[in-house]
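Scroll down for the structure; my scribbles are underneath it.
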Amino acid sequence: MPKFKMLEKPKRRERWLTADEKNRLFKELPEHLIPIAAFALATGLRKANVAGLQWSQVDIGRRTAWIYVDQTKSSRAIGVPLNEDAMSIILSQRGKHKTNVFTYKDNSTKNPAGTAWKKALKRARIDNFRFHDCRHTWATNHVIQGTPSRPLQELGGWSSEKMVQRYAHLNTEHLRQYAGNSSQFDTNLTPTKIQ
């Protein structure tokens, strides 16, 4: 029987932006990328959905945007309620372009994670951070703030709760009441004595 080397299971990548990293990044981003990155952090939308967002997908009066079914990974349309940050960004973009919300030199933004993005990350001394990690940051912040899995699943446009669980372990507040249950053991043990 021939021997086969099994491929290693890829390690899960868990990366989000800290508040300090966000401040450093926003100081280094070119002006046209700041609203794009801020909108991604405020809504959790994927890079293509933010870069390609058109005014026909935004209802300022209802404070909502939507991503059409053919623009989503899950093949389901996504309704996007716009929080205060997202609304502020949307309002700041009015009048800049007839059809596109986010632009660069009067053209639609093709790739907000291109050279300018990478150079800004380098200047900000931020390693191992991709544009998609703005989505991870958004979801992580929701979990830490206590947003339940089902609403977060709908907000993020995920097709299953399994995808949301990638972030659920980050919020440990609901487990704090159980953390002391192990205190029945000898508490005089020092870490060097524990095997």
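Chain labels follow the order of the structure tokens: the first chain is A, the next B, and so on; residue numbering restarts at 1 in every chain, and ligands are counted from 1 in their shown order.
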
Please produce, as a tab-separated table, a per-residue contact table for range 1-116 of chain A versus range 121-126 of chain A (criterion: any atom at most 10 Å away, only C-alpha atoms considered), showing the nearest atom pair and its distance in Å to one decimal, sorted by chain then residue number.
```
residue	atom	partner	partner_atom	distance
A:Leu17	CA	A:Ile126	CA	9.1
A:Glu21	CA	A:Ile126	CA	6.8
A:Lys22	CA	A:Ala124	CA	9.2
A:Asn23	CA	A:Ala124	CA	9.0
A:Arg24	CA	A:Ala124	CA	5.3
A:Leu25	CA	A:Ala124	CA	5.4
A:Phe26	CA	A:Ala124	CA	8.6
A:Lys27	CA	A:Ala124	CA	7.8
A:Glu28	CA	A:Ala124	CA	6.3
A:Leu29	CA	A:Leu121	CA	8.0
A:Thr115	CA	A:Leu121	CA	9.9
A:Ala116	CA	A:Leu121	CA	8.7
```

Inset, instruction - as a ChimeraX atom specification, please: all residues of chain A that backbone DSSP puts in strand (DSSP E). - result: /A:58-59,64-67,78-81,103-104,107-108

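Non-sequential neighbours of Thr43 in chain A (distance at most 10 Å, separation of 3 or more positions within a chain, only C-alpha atoms) are Ala38, Phe39, Ala40, Arg46, Val50, Ala65, Val80, Pro81, Leu82, Asn83, Asp85, Ala86, Cys134, Arg135, Trp138, Ala139, Leu155 and Gly156 of chain A.
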
Could those selected residues go to a file with all heavy atoms, as a short mmCIF file (atom, residue, chain, number, x, y, z; two decimals), in the first residue's frame?
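Result file is again.cif:
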```cif
data_model
loop_
_atom_site.label_atom_id
_atom_site.label_comp_id
_atom_site.auth_asym_id
_atom_site.auth_seq_id
_atom_site.Cartn_x
_atom_site.Cartn_y
_atom_site.Cartn_z
N ALA A 38 -13.80 52.86 6.67
CA ALA A 38 -14.73 53.17 7.78
C ALA A 38 -16.09 52.54 7.54
O ALA A 38 -16.72 52.02 8.46
CB ALA A 38 -14.85 54.69 7.95
N PHE A 39 -16.56 52.57 6.29
CA PHE A 39 -17.86 51.97 5.96
C PHE A 39 -17.81 50.45 6.13
O PHE A 39 -18.76 49.85 6.63
CB PHE A 39 -18.28 52.36 4.54
CG PHE A 39 -19.73 52.09 4.25
CD1 PHE A 39 -20.72 52.92 4.75
CD2 PHE A 39 -20.11 51.01 3.46
CE1 PHE A 39 -22.07 52.68 4.49
CE2 PHE A 39 -21.45 50.76 3.18
CZ PHE A 39 -22.43 51.59 3.70
N ALA A 40 -16.71 49.85 5.73
CA ALA A 40 -16.56 48.39 5.92
C ALA A 40 -16.58 48.04 7.41
O ALA A 40 -17.21 47.06 7.81
CB ALA A 40 -15.26 47.91 5.28
N ARG A 46 -18.48 43.06 2.60
CA ARG A 46 -17.28 42.60 1.93
C ARG A 46 -16.72 43.70 1.03
O ARG A 46 -17.42 44.61 0.62
CB ARG A 46 -17.58 41.35 1.11
CG ARG A 46 -17.87 40.14 1.97
CD ARG A 46 -18.18 38.91 1.11
NE ARG A 46 -18.33 37.74 1.96
CZ ARG A 46 -19.48 37.38 2.54
NH1 ARG A 46 -20.56 38.09 2.35
NH2 ARG A 46 -19.52 36.30 3.29
N VAL A 50 -18.64 47.00 -0.75
CA VAL A 50 -18.38 48.39 -0.37
C VAL A 50 -17.90 49.16 -1.59
O VAL A 50 -18.45 50.21 -1.93
CB VAL A 50 -17.35 48.49 0.78
CG1 VAL A 50 -17.00 49.94 1.06
CG2 VAL A 50 -17.86 47.81 2.03
N ALA A 65 -29.26 50.25 3.31
CA ALA A 65 -28.67 49.94 2.00
C ALA A 65 -28.96 48.47 1.75
O ALA A 65 -29.41 47.75 2.65
CB ALA A 65 -27.17 50.21 2.01
N VAL A 80 -29.02 46.11 4.72
CA VAL A 80 -27.98 46.64 5.59
C VAL A 80 -28.51 47.86 6.34
O VAL A 80 -28.59 48.96 5.78
CB VAL A 80 -26.73 47.06 4.77
CG1 VAL A 80 -25.61 47.53 5.69
CG2 VAL A 80 -26.27 45.93 3.87
N PRO A 81 -28.90 47.69 7.61
CA PRO A 81 -29.30 48.86 8.39
C PRO A 81 -28.06 49.73 8.64
O PRO A 81 -27.00 49.20 9.00
CB PRO A 81 -29.85 48.27 9.69
CG PRO A 81 -29.31 46.89 9.76
CD PRO A 81 -28.98 46.45 8.37
N LEU A 82 -28.19 51.02 8.43
CA LEU A 82 -27.03 51.91 8.55
C LEU A 82 -27.01 52.57 9.93
O LEU A 82 -27.92 53.32 10.27
CB LEU A 82 -27.08 52.97 7.44
CG LEU A 82 -27.07 52.42 6.01
CD1 LEU A 82 -27.23 53.54 5.00
CD2 LEU A 82 -25.80 51.61 5.75
N ASN A 83 -25.97 52.26 10.69
CA ASN A 83 -25.82 52.87 12.01
C ASN A 83 -25.32 54.31 11.85
O ASN A 83 -25.15 54.81 10.74
CB ASN A 83 -24.89 52.03 12.89
CG ASN A 83 -23.48 51.90 12.32
OD1 ASN A 83 -23.00 52.75 11.57
ND2 ASN A 83 -22.81 50.82 12.67
N ASP A 85 -22.40 55.73 12.32
CA ASP A 85 -21.14 55.85 11.59
C ASP A 85 -21.37 55.68 10.10
O ASP A 85 -20.86 56.46 9.29
CB ASP A 85 -20.12 54.81 12.08
CG ASP A 85 -19.63 55.08 13.49
OD1 ASP A 85 -19.74 56.23 13.95
OD2 ASP A 85 -19.12 54.13 14.12
N ALA A 86 -22.11 54.65 9.72
CA ALA A 86 -22.36 54.39 8.30
C ALA A 86 -23.13 55.54 7.66
O ALA A 86 -22.83 55.94 6.53
CB ALA A 86 -23.12 53.07 8.15
N CYS A 134 -11.58 43.72 8.00
CA CYS A 134 -12.52 44.75 8.47
C CYS A 134 -13.85 44.08 8.82
O CYS A 134 -14.49 44.44 9.80
CB CYS A 134 -12.75 45.82 7.39
SG CYS A 134 -11.34 46.88 7.08
N ARG A 135 -14.23 43.09 8.02
CA ARG A 135 -15.45 42.32 8.29
C ARG A 135 -15.30 41.53 9.59
O ARG A 135 -16.21 41.47 10.40
CB ARG A 135 -15.75 41.40 7.11
CG ARG A 135 -17.01 40.58 7.22
CD ARG A 135 -17.30 39.93 5.86
NE ARG A 135 -18.31 38.90 5.89
CZ ARG A 135 -19.62 39.11 5.88
NH1 ARG A 135 -20.09 40.34 5.84
NH2 ARG A 135 -20.46 38.10 5.89
N TRP A 138 -15.61 43.97 12.46
CA TRP A 138 -17.02 44.32 12.66
C TRP A 138 -17.74 43.22 13.44
O TRP A 138 -18.44 43.48 14.42
CB TRP A 138 -17.66 44.57 11.30
CG TRP A 138 -19.14 44.68 11.30
CD1 TRP A 138 -19.89 45.79 11.56
CD2 TRP A 138 -20.08 43.63 11.02
NE1 TRP A 138 -21.23 45.50 11.45
CE2 TRP A 138 -21.37 44.17 11.12
CE3 TRP A 138 -19.95 42.29 10.67
CZ2 TRP A 138 -22.52 43.43 10.91
CZ3 TRP A 138 -21.08 41.53 10.46
CH2 TRP A 138 -22.36 42.11 10.58
N ALA A 139 -17.57 41.97 12.99
CA ALA A 139 -18.26 40.86 13.65
C ALA A 139 -17.74 40.65 15.07
O ALA A 139 -18.51 40.40 15.99
CB ALA A 139 -18.08 39.58 12.83
N LEU A 155 -27.34 40.17 9.89
CA LEU A 155 -26.61 41.39 9.59
C LEU A 155 -25.43 41.13 8.66
O LEU A 155 -25.14 41.92 7.76
CB LEU A 155 -26.11 42.05 10.89
CG LEU A 155 -27.13 42.75 11.75
CD1 LEU A 155 -26.54 43.07 13.12
CD2 LEU A 155 -27.60 44.03 11.07
N GLY A 156 -24.73 40.03 8.89
CA GLY A 156 -23.55 39.69 8.09
C GLY A 156 -23.85 38.98 6.79
O GLY A 156 -22.97 38.79 5.97
#
```

Who sits within 10 Å of range 104-109 of chain A, only C-alpha atoms, same chain under 5 positions skipped, as a compact mmCIF listing (two decimals) with all heavy atoms, in the first residue's frame:
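Heads up, here's the output in selection.txt:
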```txt
# COMPACT_ATOMS: atom_id res chain seq x y z
N GLU A 31 -6.84 59.80 1.54
CA GLU A 31 -8.16 60.36 1.83
C GLU A 31 -9.30 59.57 1.20
O GLU A 31 -10.35 59.39 1.83
CB GLU A 31 -8.20 61.81 1.34
CG GLU A 31 -9.42 62.56 1.81
CD GLU A 31 -9.37 64.03 1.42
OE1 GLU A 31 -8.28 64.62 1.43
OE2 GLU A 31 -10.44 64.58 1.10
N HIS A 32 -9.13 59.07 -0.01
CA HIS A 32 -10.22 58.36 -0.68
C HIS A 32 -10.50 56.99 -0.08
O HIS A 32 -11.59 56.45 -0.26
CB HIS A 32 -9.96 58.24 -2.19
CG HIS A 32 -8.93 57.22 -2.56
ND1 HIS A 32 -7.57 57.45 -2.44
CD2 HIS A 32 -9.07 55.96 -3.03
CE1 HIS A 32 -6.92 56.38 -2.83
NE2 HIS A 32 -7.79 55.45 -3.19
N LEU A 33 -9.53 56.41 0.65
CA LEU A 33 -9.74 55.09 1.25
C LEU A 33 -10.34 55.15 2.65
O LEU A 33 -10.89 54.16 3.13
CB LEU A 33 -8.42 54.30 1.28
CG LEU A 33 -7.91 53.78 -0.05
CD1 LEU A 33 -6.62 52.99 0.14
CD2 LEU A 33 -8.96 52.92 -0.75
N ILE A 36 -14.08 54.37 2.73
CA ILE A 36 -14.30 52.99 2.32
C ILE A 36 -14.01 52.04 3.49
O ILE A 36 -14.81 51.17 3.81
CB ILE A 36 -13.43 52.64 1.09
CG1 ILE A 36 -13.90 53.46 -0.12
CG2 ILE A 36 -13.46 51.15 0.79
CD1 ILE A 36 -12.99 53.35 -1.32
N ALA A 48 -15.86 43.94 -2.14
CA ALA A 48 -16.53 44.20 -3.42
C ALA A 48 -17.86 44.92 -3.22
O ALA A 48 -18.23 45.77 -4.03
CB ALA A 48 -16.74 42.89 -4.18
N VAL A 50 -18.64 47.00 -0.75
CA VAL A 50 -18.38 48.39 -0.37
C VAL A 50 -17.90 49.16 -1.59
O VAL A 50 -18.45 50.21 -1.93
CB VAL A 50 -17.35 48.49 0.78
CG1 VAL A 50 -17.00 49.94 1.06
CG2 VAL A 50 -17.86 47.81 2.03
N ALA A 51 -16.89 48.64 -2.27
CA ALA A 51 -16.30 49.34 -3.42
C ALA A 51 -17.32 49.55 -4.54
O ALA A 51 -17.32 50.58 -5.21
CB ALA A 51 -15.10 48.58 -3.95
N GLY A 52 -18.23 48.60 -4.71
CA GLY A 52 -19.21 48.69 -5.79
C GLY A 52 -20.55 49.27 -5.41
O GLY A 52 -21.47 49.29 -6.22
N LEU A 53 -20.67 49.76 -4.18
CA LEU A 53 -21.96 50.28 -3.73
C LEU A 53 -22.39 51.47 -4.57
O LEU A 53 -21.62 52.41 -4.80
CB LEU A 53 -21.87 50.69 -2.25
CG LEU A 53 -23.19 51.06 -1.58
CD1 LEU A 53 -24.12 49.85 -1.48
CD2 LEU A 53 -22.93 51.66 -0.20
N GLN A 54 -23.64 51.42 -5.03
CA GLN A 54 -24.18 52.50 -5.84
C GLN A 54 -25.31 53.22 -5.09
O GLN A 54 -25.94 52.65 -4.20
CB GLN A 54 -24.68 51.95 -7.17
CG GLN A 54 -23.56 51.37 -8.00
CD GLN A 54 -23.97 51.02 -9.41
OE1 GLN A 54 -25.17 50.95 -9.73
NE2 GLN A 54 -22.99 50.82 -10.27
N LYS A 96 -20.52 63.54 -4.80
CA LYS A 96 -19.19 63.27 -5.36
C LYS A 96 -19.26 62.51 -6.68
O LYS A 96 -18.35 62.63 -7.50
CB LYS A 96 -18.33 62.51 -4.35
CG LYS A 96 -17.96 63.34 -3.13
CD LYS A 96 -17.01 62.59 -2.23
CE LYS A 96 -16.60 63.47 -1.05
NZ LYS A 96 -15.65 62.80 -0.17
N HIS A 97 -20.28 61.70 -6.85
CA HIS A 97 -20.42 60.91 -8.08
C HIS A 97 -21.89 60.62 -8.31
O HIS A 97 -22.65 60.45 -7.35
CB HIS A 97 -19.62 59.61 -7.97
CG HIS A 97 -19.38 58.94 -9.27
ND1 HIS A 97 -20.24 57.98 -9.78
CD2 HIS A 97 -18.39 59.07 -10.18
CE1 HIS A 97 -19.77 57.55 -10.93
NE2 HIS A 97 -18.65 58.19 -11.21
N LYS A 98 -22.29 60.55 -9.56
CA LYS A 98 -23.70 60.35 -9.89
C LYS A 98 -24.21 58.95 -9.52
O LYS A 98 -25.32 58.81 -9.01
CB LYS A 98 -23.92 60.60 -11.38
CG LYS A 98 -25.35 60.57 -11.80
CD LYS A 98 -25.50 60.91 -13.27
CE LYS A 98 -26.97 60.87 -13.66
NZ LYS A 98 -27.16 61.21 -15.07
N THR A 99 -23.41 57.92 -9.77
CA THR A 99 -23.89 56.55 -9.54
C THR A 99 -23.19 55.83 -8.39
O THR A 99 -23.83 55.06 -7.68
CB THR A 99 -23.73 55.69 -10.81
OG1 THR A 99 -22.36 55.71 -11.22
CG2 THR A 99 -24.62 56.20 -11.93
```

Legend entry - Counting only C-alpha atoms, the residue of A:Ile60, A:Ala37, A:Met6, A:Ala19 that sits nearest Ala113 in chain A: A:Ala37

Inset, instruction - Run DSSP on the backbone and give me the residues of range 98-190 of chain A it puts in helix (DSSP H, G or I), as a PyMOL selection string. - result: chain A and resi 115-123+133-144+149-156+161-168+173-184

Give me a file of those residues, with C-alpha atoms, as a PDB file, in the first residue's frame.
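The result, written out as result_37.pdb:
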```pdb
ATOM      1  CA  THR A 115      -1.013  49.322  -3.359  1.00  0.00           C
ATOM      2  CA  ALA A 116      -2.191  52.384  -1.406  1.00  0.00           C
ATOM      3  CA  TRP A 117      -3.835  50.130   1.209  1.00  0.00           C
ATOM      4  CA  LYS A 118      -0.723  47.969   1.584  1.00  0.00           C
ATOM      5  CA  LYS A 119       1.578  50.979   1.896  1.00  0.00           C
ATOM      6  CA  ALA A 120      -0.684  52.513   4.556  1.00  0.00           C
ATOM      7  CA  LEU A 121      -0.592  49.269   6.551  1.00  0.00           C
ATOM      8  CA  LYS A 122       3.196  49.230   6.335  1.00  0.00           C
ATOM      9  CA  ARG A 123       3.510  52.866   7.447  1.00  0.00           C
ATOM     10  CA  ASP A 133     -10.405  41.578   8.217  1.00  0.00           C
ATOM     11  CA  CYS A 134     -12.520  44.752   8.466  1.00  0.00           C
ATOM     12  CA  ARG A 135     -15.454  42.320   8.291  1.00  0.00           C
ATOM     13  CA  HIS A 136     -13.874  40.198  11.029  1.00  0.00           C
ATOM     14  CA  THR A 137     -13.366  43.337  13.118  1.00  0.00           C
ATOM     15  CA  TRP A 138     -17.016  44.324  12.664  1.00  0.00           C
ATOM     16  CA  ALA A 139     -18.255  40.858  13.650  1.00  0.00           C
ATOM     17  CA  THR A 140     -15.844  40.618  16.577  1.00  0.00           C
ATOM     18  CA  ASN A 141     -17.051  43.957  17.916  1.00  0.00           C
ATOM     19  CA  HIS A 142     -20.669  42.788  17.627  1.00  0.00           C
ATOM     20  CA  VAL A 143     -19.914  39.595  19.545  1.00  0.00           C
ATOM     21  CA  ILE A 144     -17.988  41.435  22.249  1.00  0.00           C
ATOM     22  CA  SER A 149     -25.842  34.898  16.887  1.00  0.00           C
ATOM     23  CA  ARG A 150     -29.059  34.947  14.854  1.00  0.00           C
ATOM     24  CA  PRO A 151     -29.251  38.743  14.356  1.00  0.00           C
ATOM     25  CA  LEU A 152     -25.509  38.808  13.655  1.00  0.00           C
ATOM     26  CA  GLN A 153     -25.970  36.084  11.043  1.00  0.00           C
ATOM     27  CA  GLU A 154     -28.617  38.179   9.314  1.00  0.00           C
ATOM     28  CA  LEU A 155     -26.608  41.393   9.588  1.00  0.00           C
ATOM     29  CA  GLY A 156     -23.554  39.693   8.091  1.00  0.00           C
ATOM     30  CA  GLU A 161     -24.876  30.032  12.022  1.00  0.00           C
ATOM     31  CA  LYS A 162     -21.670  28.007  11.741  1.00  0.00           C
ATOM     32  CA  MET A 163     -20.007  30.998  10.084  1.00  0.00           C
ATOM     33  CA  VAL A 164     -21.059  33.239  12.974  1.00  0.00           C
ATOM     34  CA  GLN A 165     -19.529  30.805  15.459  1.00  0.00           C
ATOM     35  CA  ARG A 166     -16.092  31.724  14.138  1.00  0.00           C
ATOM     36  CA  TYR A 167     -16.544  34.881  16.204  1.00  0.00           C
ATOM     37  CA  ALA A 168     -18.768  33.672  19.042  1.00  0.00           C
ATOM     38  CA  GLU A 173     -18.968  37.258  29.473  1.00  0.00           C
ATOM     39  CA  HIS A 174     -21.724  34.622  29.531  1.00  0.00           C
ATOM     40  CA  LEU A 175     -19.135  32.095  30.770  1.00  0.00           C
ATOM     41  CA  ARG A 176     -17.751  34.234  33.599  1.00  0.00           C
ATOM     42  CA  GLN A 177     -20.297  32.901  36.114  1.00  0.00           C
ATOM     43  CA  TYR A 178     -18.944  29.377  35.534  1.00  0.00           C
ATOM     44  CA  ALA A 179     -15.229  30.238  35.633  1.00  0.00           C
ATOM     45  CA  GLY A 180     -15.084  29.896  39.419  1.00  0.00           C
ATOM     46  CA  ASN A 181     -16.489  26.361  39.394  1.00  0.00           C
ATOM     47  CA  SER A 182     -12.978  24.934  39.322  1.00  0.00           C
ATOM     48  CA  SER A 183     -12.060  26.627  42.614  1.00  0.00           C
ATOM     49  CA  GLN A 184     -12.867  23.461  44.576  1.00  0.00           C
TER      50      GLN A 184
END
```
